[in-house]
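Novice: If it helps, the file is called query.cif and holds mmCIF, N, CA and C atoms:
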data_data
loop_
_atom_site.label_atom_id
_atom_site.label_comp_id
_atom_site.auth_asym_id
_atom_site.auth_seq_id
_atom_site.Cartn_x
_atom_site.Cartn_y
_atom_site.Cartn_z
N MET A 1 97.47 79.68 100.48
CA MET A 1 97.40 80.97 101.11
C MET A 1 97.02 80.77 102.58
N PRO A 2 97.79 81.33 103.49
CA PRO A 2 97.50 81.14 104.92
C PRO A 2 96.18 81.81 105.33
N GLU A 3 95.60 81.28 106.37
CA GLU A 3 94.37 81.85 106.92
C GLU A 3 94.59 82.14 108.40
N VAL A 4 93.93 83.18 108.88
CA VAL A 4 93.99 83.52 110.30
C VAL A 4 92.57 83.76 110.79
N ASN A 5 92.40 83.58 112.08
CA ASN A 5 91.12 83.89 112.71
C ASN A 5 91.26 85.22 113.42
N VAL A 6 90.34 86.13 113.13
CA VAL A 6 90.34 87.43 113.81
C VAL A 6 88.99 87.60 114.50
N GLU A 7 88.99 88.48 115.49
CA GLU A 7 87.75 88.71 116.22
C GLU A 7 87.40 90.19 116.16
N ILE A 8 86.18 90.46 115.69
CA ILE A 8 85.66 91.82 115.63
C ILE A 8 84.32 91.82 116.34
N ASN A 9 84.20 92.64 117.35
CA ASN A 9 82.95 92.79 118.11
C ASN A 9 82.45 91.45 118.63
N GLY A 10 83.37 90.64 119.11
CA GLY A 10 83.00 89.38 119.72
C GLY A 10 82.72 88.25 118.73
N ARG A 11 82.88 88.50 117.46
CA ARG A 11 82.64 87.47 116.46
C ARG A 11 83.95 87.12 115.77
N ARG A 12 84.09 85.82 115.50
CA ARG A 12 85.32 85.35 114.85
C ARG A 12 85.10 85.28 113.34
N TYR A 13 86.15 85.67 112.65
CA TYR A 13 86.13 85.63 111.18
C TYR A 13 87.42 84.96 110.70
N ARG A 14 87.28 84.07 109.74
CA ARG A 14 88.46 83.43 109.13
C ARG A 14 88.80 84.25 107.89
N MET A 15 90.06 84.66 107.79
CA MET A 15 90.48 85.50 106.67
C MET A 15 91.77 84.95 106.07
N ALA A 16 91.86 85.03 104.76
CA ALA A 16 93.07 84.62 104.06
C ALA A 16 93.97 85.84 103.88
N CYS A 17 95.27 85.59 103.82
CA CYS A 17 96.23 86.67 103.61
C CYS A 17 97.47 86.10 102.92
N GLU A 18 98.33 86.99 102.50
CA GLU A 18 99.57 86.55 101.87
C GLU A 18 100.50 85.96 102.93
N GLU A 19 101.37 85.09 102.48
CA GLU A 19 102.35 84.47 103.38
C GLU A 19 103.18 85.56 104.07
N GLY A 20 103.32 85.40 105.37
CA GLY A 20 104.12 86.35 106.15
C GLY A 20 103.33 87.55 106.65
N GLN A 21 102.06 87.67 106.25
CA GLN A 21 101.24 88.83 106.64
C GLN A 21 100.26 88.51 107.77
N GLN A 22 100.38 87.31 108.34
CA GLN A 22 99.42 86.88 109.35
C GLN A 22 99.39 87.83 110.55
N LYS A 23 100.57 88.13 111.11
CA LYS A 23 100.62 89.00 112.29
C LYS A 23 100.09 90.39 111.96
N HIS A 24 100.41 90.86 110.78
CA HIS A 24 99.95 92.19 110.37
C HIS A 24 98.42 92.21 110.30
N LEU A 25 97.83 91.20 109.69
CA LEU A 25 96.37 91.13 109.58
C LEU A 25 95.72 91.05 110.95
N ILE A 26 96.29 90.25 111.83
CA ILE A 26 95.75 90.13 113.20
C ILE A 26 95.83 91.48 113.90
N GLY A 27 96.94 92.19 113.72
CA GLY A 27 97.09 93.52 114.33
C GLY A 27 96.07 94.52 113.79
N LEU A 28 95.84 94.47 112.48
CA LEU A 28 94.83 95.36 111.89
C LEU A 28 93.44 95.05 112.44
N ALA A 29 93.14 93.77 112.55
CA ALA A 29 91.83 93.37 113.08
C ALA A 29 91.66 93.84 114.53
N LYS A 30 92.72 93.72 115.32
CA LYS A 30 92.64 94.18 116.72
C LYS A 30 92.42 95.69 116.78
N ARG A 31 93.10 96.40 115.89
CA ARG A 31 92.94 97.86 115.86
C ARG A 31 91.51 98.23 115.46
N PHE A 32 90.97 97.55 114.46
CA PHE A 32 89.60 97.81 114.03
C PHE A 32 88.62 97.43 115.14
N ASP A 33 88.86 96.31 115.81
CA ASP A 33 88.00 95.91 116.91
C ASP A 33 88.02 96.96 118.02
N GLY A 34 89.19 97.55 118.24
CA GLY A 34 89.27 98.64 119.22
C GLY A 34 88.42 99.83 118.82
N GLN A 35 88.40 100.12 117.52
CA GLN A 35 87.57 101.21 117.01
C GLN A 35 86.09 100.90 117.24
N VAL A 36 85.71 99.65 116.97
CA VAL A 36 84.33 99.22 117.18
C VAL A 36 83.98 99.35 118.67
N ASP A 37 84.86 98.87 119.54
CA ASP A 37 84.61 98.96 120.98
C ASP A 37 84.48 100.42 121.43
N SER A 38 85.30 101.27 120.87
CA SER A 38 85.26 102.69 121.23
C SER A 38 83.91 103.30 120.86
N ILE A 39 83.46 103.02 119.66
CA ILE A 39 82.17 103.56 119.21
C ILE A 39 81.04 102.95 120.04
N LYS A 40 81.14 101.65 120.32
CA LYS A 40 80.11 100.99 121.13
C LYS A 40 80.04 101.63 122.52
N GLY A 41 81.19 102.03 123.03
CA GLY A 41 81.21 102.69 124.34
C GLY A 41 80.51 104.03 124.33
N VAL A 42 80.52 104.70 123.18
CA VAL A 42 79.88 106.02 123.07
C VAL A 42 78.40 105.91 122.76
N VAL A 43 78.04 105.06 121.79
CA VAL A 43 76.65 105.00 121.33
C VAL A 43 75.87 103.80 121.85
N GLY A 44 76.56 102.86 122.45
CA GLY A 44 75.89 101.67 122.97
C GLY A 44 75.65 100.65 121.88
N GLU A 45 74.83 99.67 122.17
CA GLU A 45 74.51 98.60 121.21
C GLU A 45 73.53 99.15 120.19
N ILE A 46 73.98 99.23 118.94
CA ILE A 46 73.12 99.77 117.88
C ILE A 46 72.98 98.79 116.72
N GLY A 47 73.44 97.60 116.90
CA GLY A 47 73.39 96.61 115.83
C GLY A 47 74.75 96.47 115.18
N ASP A 48 75.06 95.23 114.84
CA ASP A 48 76.38 94.93 114.29
C ASP A 48 76.68 95.70 113.02
N THR A 49 75.73 95.75 112.13
CA THR A 49 75.99 96.38 110.84
C THR A 49 76.25 97.87 111.00
N ARG A 50 75.38 98.57 111.71
CA ARG A 50 75.57 100.02 111.92
C ARG A 50 76.87 100.29 112.67
N LEU A 51 77.15 99.47 113.66
CA LEU A 51 78.37 99.64 114.45
C LEU A 51 79.61 99.46 113.57
N THR A 52 79.58 98.44 112.73
CA THR A 52 80.71 98.19 111.84
C THR A 52 80.86 99.31 110.81
N VAL A 53 79.75 99.79 110.28
CA VAL A 53 79.80 100.90 109.31
C VAL A 53 80.37 102.15 109.98
N MET A 54 79.91 102.45 111.17
CA MET A 54 80.41 103.64 111.88
C MET A 54 81.91 103.52 112.16
N ALA A 55 82.34 102.33 112.57
CA ALA A 55 83.77 102.11 112.82
C ALA A 55 84.56 102.25 111.52
N GLY A 56 84.02 101.72 110.42
CA GLY A 56 84.68 101.85 109.13
C GLY A 56 84.81 103.29 108.71
N ILE A 57 83.76 104.06 108.90
CA ILE A 57 83.80 105.49 108.56
C ILE A 57 84.81 106.23 109.43
N ALA A 58 84.86 105.88 110.71
CA ALA A 58 85.83 106.51 111.61
C ALA A 58 87.26 106.20 111.16
N VAL A 59 87.50 104.96 110.73
CA VAL A 59 88.84 104.59 110.26
C VAL A 59 89.18 105.35 108.99
N VAL A 60 88.22 105.46 108.07
CA VAL A 60 88.45 106.21 106.83
C VAL A 60 88.71 107.69 107.15
N ASP A 61 88.00 108.23 108.13
CA ASP A 61 88.23 109.62 108.54
C ASP A 61 89.66 109.80 109.03
N GLU A 62 90.15 108.85 109.83
CA GLU A 62 91.54 108.91 110.29
C GLU A 62 92.50 108.84 109.10
N LEU A 63 92.17 107.99 108.14
CA LEU A 63 93.00 107.86 106.95
C LEU A 63 93.04 109.17 106.16
N VAL A 64 91.90 109.81 105.99
CA VAL A 64 91.84 111.08 105.26
C VAL A 64 92.68 112.14 105.97
N GLU A 65 92.57 112.21 107.29
CA GLU A 65 93.37 113.18 108.06
C GLU A 65 94.86 112.88 107.92
N ALA A 66 95.21 111.61 107.95
CA ALA A 66 96.62 111.23 107.78
C ALA A 66 97.11 111.60 106.38
N GLU A 67 96.27 111.41 105.38
CA GLU A 67 96.65 111.78 104.01
C GLU A 67 96.85 113.29 103.90
N LYS A 68 96.00 114.06 104.57
CA LYS A 68 96.17 115.53 104.57
C LYS A 68 97.49 115.92 105.22
N ARG A 69 97.82 115.28 106.34
CA ARG A 69 99.08 115.57 107.01
C ARG A 69 100.27 115.19 106.13
N ILE A 70 100.15 114.07 105.46
CA ILE A 70 101.23 113.62 104.56
C ILE A 70 101.40 114.64 103.43
N ALA A 71 100.29 115.10 102.84
CA ALA A 71 100.37 116.07 101.75
C ALA A 71 101.01 117.37 102.24
N ALA A 72 100.64 117.80 103.44
CA ALA A 72 101.22 119.03 104.01
C ALA A 72 102.72 118.85 104.24
N LEU A 73 103.11 117.68 104.74
CA LEU A 73 104.53 117.41 104.97
C LEU A 73 105.30 117.33 103.66
N GLN A 74 104.68 116.77 102.63
CA GLN A 74 105.33 116.71 101.33
C GLN A 74 105.54 118.11 100.77
N ALA A 75 104.55 118.98 100.96
CA ALA A 75 104.69 120.37 100.52
C ALA A 75 105.82 121.06 101.27
N GLN A 76 105.92 120.80 102.58
CA GLN A 76 107.01 121.38 103.37
C GLN A 76 108.36 120.85 102.88
N ILE A 77 108.42 119.58 102.56
CA ILE A 77 109.67 118.99 102.06
C ILE A 77 110.07 119.68 100.76
N GLU A 78 109.11 119.90 99.88
CA GLU A 78 109.40 120.57 98.61
C GLU A 78 109.90 121.99 98.85
N GLN A 79 109.27 122.70 99.78
CA GLN A 79 109.70 124.07 100.10
C GLN A 79 111.12 124.06 100.67
N LEU A 80 111.38 123.14 101.58
CA LEU A 80 112.71 123.07 102.19
C LEU A 80 113.76 122.65 101.18
N THR A 81 113.40 121.76 100.27
CA THR A 81 114.34 121.35 99.23
C THR A 81 114.67 122.52 98.33
N THR A 82 113.66 123.28 97.94
CA THR A 82 113.88 124.45 97.10
C THR A 82 114.75 125.47 97.83
N ALA A 83 114.45 125.71 99.09
CA ALA A 83 115.24 126.65 99.89
C ALA A 83 116.68 126.17 100.01
N GLY A 84 116.86 124.88 100.22
CA GLY A 84 118.20 124.32 100.33
C GLY A 84 118.97 124.48 99.03
N GLN A 85 118.30 124.26 97.92
CA GLN A 85 118.96 124.43 96.62
C GLN A 85 119.34 125.89 96.39
N GLN A 86 118.47 126.80 96.79
CA GLN A 86 118.78 128.23 96.66
C GLN A 86 119.98 128.60 97.52
N LEU A 87 120.00 128.08 98.75
CA LEU A 87 121.13 128.34 99.64
C LEU A 87 122.42 127.78 99.08
N ALA A 88 122.35 126.59 98.50
CA ALA A 88 123.54 125.99 97.91
C ALA A 88 124.05 126.85 96.76
N GLY A 89 123.13 127.37 95.95
CA GLY A 89 123.52 128.27 94.86
C GLY A 89 124.16 129.54 95.38
N GLU A 90 123.58 130.10 96.44
CA GLU A 90 124.14 131.31 97.04
C GLU A 90 125.52 131.03 97.62
N MET A 91 125.68 129.86 98.23
CA MET A 91 126.99 129.49 98.78
C MET A 91 128.03 129.39 97.67
N ASP A 92 127.66 128.79 96.56
CA ASP A 92 128.59 128.69 95.43
C ASP A 92 129.01 130.08 94.96
N THR A 93 128.03 130.98 94.85
CA THR A 93 128.33 132.35 94.42
C THR A 93 129.26 133.03 95.41
N LEU A 94 128.99 132.89 96.71
CA LEU A 94 129.83 133.50 97.74
C LEU A 94 131.24 132.90 97.73
N GLU A 95 131.32 131.60 97.52
CA GLU A 95 132.64 130.96 97.46
C GLU A 95 133.45 131.49 96.28
N GLN A 96 132.78 131.66 95.15
CA GLN A 96 133.47 132.19 93.97
C GLN A 96 133.93 133.63 94.21
N ARG A 97 133.06 134.43 94.83
CA ARG A 97 133.43 135.82 95.13
C ARG A 97 134.59 135.86 96.12
N PHE A 98 134.53 134.99 97.13
CA PHE A 98 135.60 134.94 98.13
C PHE A 98 136.91 134.52 97.47
N ALA A 99 136.84 133.52 96.60
CA ALA A 99 138.05 133.06 95.91
C ALA A 99 138.64 134.19 95.06
N GLY A 100 137.77 134.96 94.40
CA GLY A 100 138.24 136.10 93.60
C GLY A 100 138.91 137.14 94.47
N LYS A 101 138.29 137.46 95.60
CA LYS A 101 138.87 138.46 96.53
C LYS A 101 140.20 137.95 97.09
N LEU A 102 140.25 136.67 97.41
CA LEU A 102 141.48 136.08 97.94
C LEU A 102 142.59 136.14 96.90
N GLU A 103 142.23 135.89 95.66
CA GLU A 103 143.21 135.97 94.57
C GLU A 103 143.72 137.41 94.41
N GLN A 104 142.80 138.37 94.49
CA GLN A 104 143.21 139.79 94.41
C GLN A 104 144.15 140.15 95.56
N ALA A 105 143.81 139.67 96.76
CA ALA A 105 144.65 139.95 97.93
C ALA A 105 146.03 139.32 97.75
N ALA A 106 146.08 138.11 97.19
CA ALA A 106 147.37 137.45 96.97
C ALA A 106 148.21 138.24 95.97
N ARG A 107 147.58 138.74 94.90
CA ARG A 107 148.31 139.54 93.92
C ARG A 107 148.84 140.83 94.56
N SER A 108 148.00 141.45 95.38
CA SER A 108 148.43 142.68 96.07
C SER A 108 149.60 142.40 96.99
N LEU A 109 149.55 141.28 97.71
CA LEU A 109 150.65 140.92 98.60
C LEU A 109 151.93 140.64 97.81
N GLU A 110 151.77 140.02 96.65
CA GLU A 110 152.95 139.77 95.82
C GLU A 110 153.58 141.09 95.36
N ILE A 111 152.73 142.05 95.01
CA ILE A 111 153.23 143.35 94.58
C ILE A 111 153.96 144.03 95.73
N VAL A 112 153.33 144.01 96.92
CA VAL A 112 153.96 144.62 98.11
C VAL A 112 155.28 143.91 98.41
N ALA A 113 155.30 142.59 98.33
CA ALA A 113 156.53 141.84 98.59
C ALA A 113 157.60 142.22 97.57
N GLY A 114 157.20 142.38 96.32
CA GLY A 114 158.16 142.78 95.29
C GLY A 114 158.72 144.15 95.56
N VAL A 115 157.86 145.09 95.97
CA VAL A 115 158.31 146.44 96.29
C VAL A 115 159.26 146.40 97.47
N LEU A 116 158.92 145.61 98.47
CA LEU A 116 159.79 145.50 99.64
C LEU A 116 161.14 144.91 99.27
N ASP A 117 161.13 143.90 98.41
CA ASP A 117 162.39 143.30 97.95
C ASP A 117 163.23 144.33 97.21
N GLU A 118 162.60 145.11 96.34
CA GLU A 118 163.32 146.13 95.58
C GLU A 118 163.88 147.20 96.51
N THR A 119 163.08 147.59 97.51
CA THR A 119 163.52 148.60 98.46
C THR A 119 164.70 148.09 99.26
N ALA A 120 164.65 146.83 99.64
CA ALA A 120 165.74 146.25 100.41
C ALA A 120 167.01 146.19 99.56
N LEU A 121 166.88 145.87 98.30
CA LEU A 121 168.03 145.81 97.41
C LEU A 121 168.64 147.20 97.19
N VAL A 122 167.81 148.21 97.03
CA VAL A 122 168.26 149.58 96.83
C VAL A 122 168.99 150.07 98.07
N GLN A 123 168.47 149.73 99.24
CA GLN A 123 169.10 150.18 100.49
C GLN A 123 170.41 149.47 100.73
N GLN A 124 170.55 148.28 100.24
CA GLN A 124 171.81 147.54 100.44
C GLN A 124 172.91 148.09 99.53
N LYS A 125 172.60 148.75 98.47
CA LYS A 125 173.61 149.24 97.54
C LYS A 125 174.19 150.51 97.99
#
Starting from the coordinates I provided, produce the structure as structure tokens.
Specialist:
Amino acid sequence: MPEVNVEINGRRYRMACEEGQQKHLIGLAKRFDGQVDSIKGVVGEIGDTRLTVMAGIAVVDELVEAEKRIAALQAQIEQLTTAGQQLAGEMDTLEQRFAGKLEQAARSLEIVAGVLDETALVQQK
């Protein structure tokens, strides 16, 4: 299993990860280190443990907010899917009604054409 060195709050840590995940792990560590630096900039030096815990809580808070947004988007997707299905059903109904009306119009035109043909034949005699 590959190992990478990451740095959090000025300290290096050796971590194992799955093959091919080295860059991802390094990126996560840099992002977490940025969170630690951000909190350190606000509250100052408060000890490694407290600083790390605060950064961890901040990351979890971001995760919870992202999960809420995902749930809201999933609900919107479900609403839009339902609306789309309803519209598709309405379109099918309208298409069937239109086809029926078109068929009626075609029959009426055939009748009119027949009458015109008969009238033309009568006038020719």
Novice: If you measure from atom N of Val4 of chain A to atom C of Leu25 of chain A, what distance in Å do you get, rounded to one decimal?
Specialist: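 Atom N of Val4 of chain A sits 8.3 Å away from atom C of Leu25 of chain A.
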Novice: Run DSSP on the backbone and tell me which residues of chain A come out as strand (DSSP E); list them as a list in words.
Specialist: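 Filtering chain A to strand (DSSP E) leaves Glu3, Val4, Asn5, Val6, Glu7, Ile8, Arg11, Arg12, Tyr13, Arg14, Met15 and Ala16 of chain A.
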Novice: Contacts of Val53 of chain A at 12 Å or less, counting only C-alpha atoms, minus same-chain residues fewer than 4 places along, as a PyMOL selection string?
Specialist: chain A and resi 32+35-36+39-40+46-49+57-60
Novice: Quick one, how far is atom CA of Met54 of chain A from atom C of Ser38 of chain A?
Specialist: 9.6 Å
Novice: Mind working out the centre and edge lengths of an axis-aligned box for segment 99-118 of chain A, all listed atoms inside, 4 Å added to each side, rounded to one decimal in Å and written as JSON?
Specialist:
{"center_x": 150.4, "center_y": 140.1, "center_z": 96.6, "size_x": 35.0, "size_y": 22.1, "size_z": 14.0}
Novice: Kindly give the distance, in Å, that separates atom CA of Glu65 of chain A and atom CA of Val6 of chain A, rounded to a single decimal.
Specialist: 26.6 Å
Novice: Using DSSP on the backbone, list every residue of chain A that comes out as helix (DSSP H, G or I), and give them as a PyMOL selection string.
Specialist: chain A and resi 22-43+48-124
Novice: Report as a list in words all protein, DNA and RNA residues lying within 9 Å of Glu3 of chain A, evaluated on only C-alpha atoms, omitting residues in the same chain fewer than 3 positions from it.
Specialist: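 Once the adjacent positions are removed, what remains is Arg14, Met15, Ala16, Cys17, Glu18 and Gln22 of chain A.
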Novice: Can you list, as a PyMOL selection string, every protein, DNA or RNA residue that comes within 12 Å of Gly34 of chain A when you count only C-alpha atoms, leaving out same-chain residues fewer than 6 positions away?
Specialist: chain A and resi 7-10+27-28+40-41+51-52+55-56+58-59
Novice: Name the closest residue to Tyr13 of chain A among the candidates A:Lys68, A:Ala29, A:Ala75, A:Leu116; distances are taken between atoms, counting only C-alpha atoms.
Specialist: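 The answer is A:Ala29, which sits nearest to Tyr13 of chain A.
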